[in-house]
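**Q** Sharing final.txt below, compact mmCIF, C-alpha atoms:
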```
# COMPACT_ATOMS: atom_id res chain seq x y z
CA MET A 17 51.50 125.36 149.95
CA LYS A 18 53.91 122.52 149.33
CA SER A 19 56.54 122.77 146.63
CA PRO A 20 56.22 120.52 143.56
CA VAL A 21 57.89 117.13 143.72
CA PHE A 22 60.08 115.29 141.23
CA ALA A 23 62.11 112.13 141.40
CA VAL A 24 65.13 110.86 139.58
CA VAL A 25 65.31 107.18 140.35
CA LEU A 26 68.54 105.35 139.88
CA GLY A 27 68.17 102.59 142.42
CA ALA A 28 65.82 99.97 143.74
CA ALA A 29 63.29 102.54 145.00
CA ALA A 30 61.95 105.88 143.86
CA LEU A 31 62.31 108.89 146.12
CA ALA A 32 60.06 111.95 146.35
CA LEU A 33 62.10 115.10 145.99
CA PRO A 34 61.26 118.78 146.56
CA MET A 35 61.76 120.82 143.40
CA THR A 36 63.89 123.94 143.80
CA ALA A 37 64.79 124.36 140.12
CA PRO A 38 61.62 123.20 138.34
CA THR A 39 61.83 122.00 134.78
CA GLN A 40 59.34 120.08 132.72
CA ALA A 41 61.87 117.26 132.20
CA MET A 42 62.40 116.94 135.95
CA ALA A 43 58.69 116.87 136.68
CA GLN A 44 58.19 114.02 134.22
CA ALA A 45 60.87 111.81 135.81
CA ALA A 46 58.68 110.78 138.79
CA ALA A 47 58.42 107.06 139.32
CA GLY A 48 57.00 106.79 142.86
CA THR A 49 57.75 107.82 146.41
CA VAL A 50 59.35 106.43 149.53
CA PRO A 51 60.90 108.23 152.50
CA ASN A 52 64.42 109.60 152.02
CA THR A 53 66.72 108.09 154.63
CA PHE A 54 68.91 111.19 154.76
CA ASP A 55 65.97 113.52 155.44
CA ASN A 56 64.41 111.54 158.30
CA ALA A 57 67.19 109.93 160.28
CA ALA A 58 65.98 107.72 163.14
CA PRO A 59 66.33 109.30 166.57
CA GLN A 60 69.25 107.99 168.59
CA GLN A 61 69.09 106.83 172.18
CA ALA A 62 72.11 108.85 173.26
CA ALA A 63 73.94 111.58 171.40
CA PRO A 64 77.18 110.28 169.90
CA ALA A 65 80.42 111.88 170.93
CA PRO A 66 81.33 114.68 168.51
CA GLN A 67 84.02 113.74 166.03
CA PRO A 68 86.52 116.13 164.51
CA ALA A 69 85.63 117.33 161.01
CA ALA A 70 88.78 115.70 159.61
CA ALA A 71 87.43 112.27 160.65
CA ALA A 72 84.34 112.62 158.46
CA ARG A 73 84.96 110.50 155.36
CA PRO A 74 82.80 108.85 152.75
CA ALA A 75 82.00 105.18 153.35
CA ASN A 76 83.65 104.52 149.98
CA ALA A 77 86.90 106.36 149.30
CA ASN A 78 86.14 106.41 145.56
CA ALA A 79 82.64 107.87 145.91
CA ALA A 80 83.42 111.46 144.87
CA ALA A 81 85.53 110.37 141.89
CA THR A 82 82.82 107.91 140.86
CA ILE A 83 80.16 110.64 140.99
CA ARG A 84 82.35 112.84 138.76
CA THR A 85 82.83 109.93 136.33
CA ILE A 86 79.09 109.19 136.25
CA ILE A 87 78.19 112.84 135.68
CA SER A 88 80.76 113.15 132.91
CA GLY A 89 79.46 110.00 131.22
CA MET A 90 75.85 111.12 131.48
CA LYS A 91 76.61 114.59 130.14
CA SER A 92 78.54 113.19 127.15
CA ASN A 93 76.10 110.31 126.50
CA SER A 94 78.98 107.86 127.02
CA LEU A 95 78.20 106.44 130.47
CA ASP A 96 80.22 103.34 131.42
CA PHE A 97 77.45 100.99 132.57
CA SER A 98 80.02 98.54 133.96
CA LEU A 99 80.32 100.86 136.99
CA PHE A 100 76.87 99.71 138.12
CA THR A 101 75.20 96.51 139.23
CA ASP A 102 73.19 94.92 136.44
CA GLU A 103 69.91 95.94 138.07
CA LEU A 104 70.92 99.58 138.48
CA ALA A 105 72.43 99.74 134.97
CA GLY A 106 69.07 98.57 133.62
CA LYS A 107 67.18 101.25 135.56
CA ILE A 108 69.54 103.96 134.30
CA ARG A 109 69.13 102.78 130.71
CA GLU A 110 65.33 102.97 131.12
CA GLN A 111 65.54 106.57 132.36
CA GLN A 112 68.51 107.97 130.46
CA ALA A 113 66.33 109.86 127.95
CA GLN A 114 64.96 111.92 130.87
CA ILE A 115 68.02 112.06 133.14
CA PHE A 116 70.89 112.86 130.78
CA PRO A 117 69.35 116.09 129.38
CA ILE A 118 68.68 117.33 132.92
CA LEU A 119 72.36 116.98 133.81
CA GLN A 120 73.47 118.47 130.50
CA GLY A 121 71.40 121.55 131.31
CA PHE A 122 73.12 122.10 134.65
CA GLY A 123 76.45 123.16 133.05
CA GLU A 124 79.91 122.24 134.25
CA VAL A 125 80.61 120.71 137.67
CA GLN A 126 82.09 123.32 139.99
CA ALA A 127 82.48 121.21 143.17
CA VAL A 128 81.71 117.80 144.68
CA ASP A 129 81.55 118.13 148.47
CA PHE A 130 81.07 115.25 150.91
CA VAL A 131 78.34 115.83 153.50
CA ARG A 132 77.94 112.58 155.46
CA SER A 133 77.53 108.81 155.31
CA GLN A 134 74.55 106.85 156.52
CA GLU A 135 73.98 103.10 156.38
CA GLY A 136 76.86 102.66 153.91
CA ALA A 137 75.65 105.33 151.46
CA ASP A 138 77.39 108.67 150.98
CA LEU A 139 75.70 112.05 150.55
CA PHE A 140 77.41 114.75 148.47
CA ILE A 141 76.51 118.26 147.36
CA VAL A 142 77.40 118.66 143.70
CA THR A 143 77.50 122.25 142.53
CA PHE A 144 77.09 122.83 138.81
CA ALA A 145 77.31 126.17 137.00
CA ALA A 146 73.49 126.42 136.96
CA ALA A 147 72.30 124.18 139.81
CA GLN A 148 73.16 122.77 143.19
CA THR A 149 72.23 119.12 143.74
CA GLN A 150 72.42 116.37 146.34
CA TRP A 151 73.77 112.98 145.28
CA VAL A 152 73.49 109.76 147.25
CA ILE A 153 75.73 106.90 146.14
CA GLY A 154 76.15 103.41 147.53
CA PHE A 155 78.31 100.47 146.53
CA ASP A 156 77.88 96.71 146.79
CA ASP A 157 80.55 94.36 148.18
CA ALA A 158 82.13 94.01 144.72
CA GLY A 159 82.61 97.79 144.45
CA LYS A 160 79.83 98.35 141.91
CA VAL A 161 77.40 101.25 142.33
CA ASP A 162 74.13 99.75 143.56
CA ALA A 163 72.38 102.95 144.67
CA LEU A 164 72.39 106.35 143.03
CA LEU A 165 70.09 109.34 143.47
CA PHE A 166 70.32 112.99 142.63
CA ARG A 167 67.96 115.82 143.37
CA PRO A 168 68.01 119.58 143.90
CA VAL A 169 69.28 120.67 147.30
CA PRO A 170 66.16 121.12 149.46
CA GLU A 171 65.37 124.67 150.49
CA GLY A 172 67.03 125.63 153.77
CA GLU A 173 69.95 123.22 153.40
```
How does the structure come out when it is put into structure tokens?
**A**
Amino acid sequence: MKSPVFAVVLGAAALALPMTAPTQAMAQAAAGTVPNTFDNAAPQQAAPAPQPAAAARPANANAAATIRTIISGMKSNSLDFSLFTDELAGKIREQQAQIFPILQGFGEVQAVDFVRSQEGADLFIVTFAAAQTQWVIGFDDAGKVDALLFRPVPEGE
């Protein structure tokens, strides 16, 4: 039996997300589904040469700090919408009544750990006192956040 699905959409497309910490608020945040780029990476022709762990860096050096700022703003209901493109800021405003309480229920941020970058977006694991989540963040050429997604860490990851 498949696990329930929820989506928190903060970008141009909605993503289907497996639910590992089900809540009614999370289940009501669904807006649609599309494949998650990080879950189904395209197969490569030849395996790339392994790189040392120290070389792995976010595509945007400010990504982790920006995630912390966004989370803080959402939890305190004082989000600085100037961090985002106009389109994304509008989407967040539309969904803030569902999203902000979810984050507030997770407790304090314990860690923000970079996982990998793909196609200019960065994937982080954000560990809260009561939940562990994945965050994808992307920036436009002007340095504004133009893609943002969070979801529970899928089982087995």
**Q** Tell me, as a PyMOL selection string, which residues lie within 6 Å of Phe122 of chain A, counting all atoms listed in the file; anything in the same chain fewer than 3 positions away does not count.
**A** chain A and resi 119+144+146-147
**Q** Excluding same-chain residues fewer than 5 positions from Leu99 of chain A, what lies within 9 Å of it counting all atoms listed in the file, as a list of chain:residue names?
**A**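 Counting only the stated atoms, we get A:Thr82, A:Ile86, A:Ala105, A:Gly159, A:Lys160, A:Val161.
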**Q** With only C-alpha atoms as the atoms that count, which of A:Asp157, A:Asp96, A:Glu124, A:Glu171 lies nearest to Ile108 of chain A?
**A** A:Asp96
**Q** Given only C-alpha atoms as the basis, pick out the residue of A:Ile153, A:Glu135, A:Gly123, A:Thr143 nearest to Ala81 of chain A.
**A**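 Of the candidates, the smallest distance to Ala81 of chain A is held by A:Ile153.
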**Q** Expressed in Å to a single decimal, how great is the separation between atom CA of Lys107 of chain A and atom CA of Gln126 of chain A?
**A**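 Between atom CA of Lys107 of chain A and atom CA of Gln126 of chain A the gap is 27.0 Å.
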**Q** Report the distance between atom CA of Ser133 of chain A and atom CA of Trp151 of chain A in Å, rounded to one decimal place.
**A**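 Atom CA of Trp151 of chain A lies at a distance of 11.5 Å from atom CA of Ser133 of chain A.
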**Q** Could you rebuild segment 107-119 of chain A with N, CA, C and O atoms and give me the result as a short mmCIF file (atom, residue, chain, number, x, y, z; two decimals), in the frame of the given file?
**A**
```
data_model
loop_
_atom_site.label_atom_id
_atom_site.label_comp_id
_atom_site.auth_asym_id
_atom_site.auth_seq_id
_atom_site.Cartn_x
_atom_site.Cartn_y
_atom_site.Cartn_z
N LYS A 107 68.05 100.14 135.19
CA LYS A 107 67.18 101.25 135.56
C LYS A 107 67.68 102.57 134.93
O LYS A 107 66.88 103.38 134.49
N ILE A 108 68.98 102.75 134.90
CA ILE A 108 69.54 103.96 134.30
C ILE A 108 69.24 103.99 132.80
O ILE A 108 68.83 105.01 132.26
N ARG A 109 69.42 102.85 132.15
CA ARG A 109 69.13 102.78 130.71
C ARG A 109 67.67 103.14 130.43
O ARG A 109 67.37 103.85 129.47
N GLU A 110 66.75 102.67 131.29
CA GLU A 110 65.33 102.97 131.12
C GLU A 110 65.04 104.46 131.25
O GLU A 110 64.11 104.96 130.63
N GLN A 111 65.82 105.17 132.05
CA GLN A 111 65.54 106.57 132.36
C GLN A 111 66.50 107.56 131.71
O GLN A 111 66.36 108.77 131.89
N GLN A 112 67.48 107.06 130.97
CA GLN A 112 68.51 107.97 130.46
C GLN A 112 67.96 109.07 129.56
O GLN A 112 68.50 110.18 129.54
N ALA A 113 66.89 108.83 128.83
CA ALA A 113 66.33 109.86 127.95
C ALA A 113 65.81 111.05 128.76
O ALA A 113 65.78 112.18 128.26
N GLN A 114 65.40 110.83 130.01
CA GLN A 114 64.96 111.92 130.87
C GLN A 114 66.09 112.50 131.71
O GLN A 114 66.16 113.70 131.93
N ILE A 115 66.99 111.64 132.19
CA ILE A 115 68.02 112.06 133.14
C ILE A 115 69.17 112.81 132.47
O ILE A 115 69.59 113.86 132.94
N PHE A 116 69.70 112.27 131.39
CA PHE A 116 70.89 112.86 130.78
C PHE A 116 70.68 114.32 130.37
O PHE A 116 71.52 115.17 130.66
N PRO A 117 69.55 114.68 129.73
CA PRO A 117 69.35 116.09 129.38
C PRO A 117 69.26 117.01 130.60
O PRO A 117 69.69 118.17 130.52
N ILE A 118 68.73 116.52 131.69
CA ILE A 118 68.68 117.33 132.92
C ILE A 118 70.09 117.71 133.33
O ILE A 118 70.40 118.88 133.57
N LEU A 119 70.97 116.71 133.40
CA LEU A 119 72.36 116.98 133.81
C LEU A 119 73.07 117.86 132.80
O LEU A 119 73.85 118.74 133.18
#
```
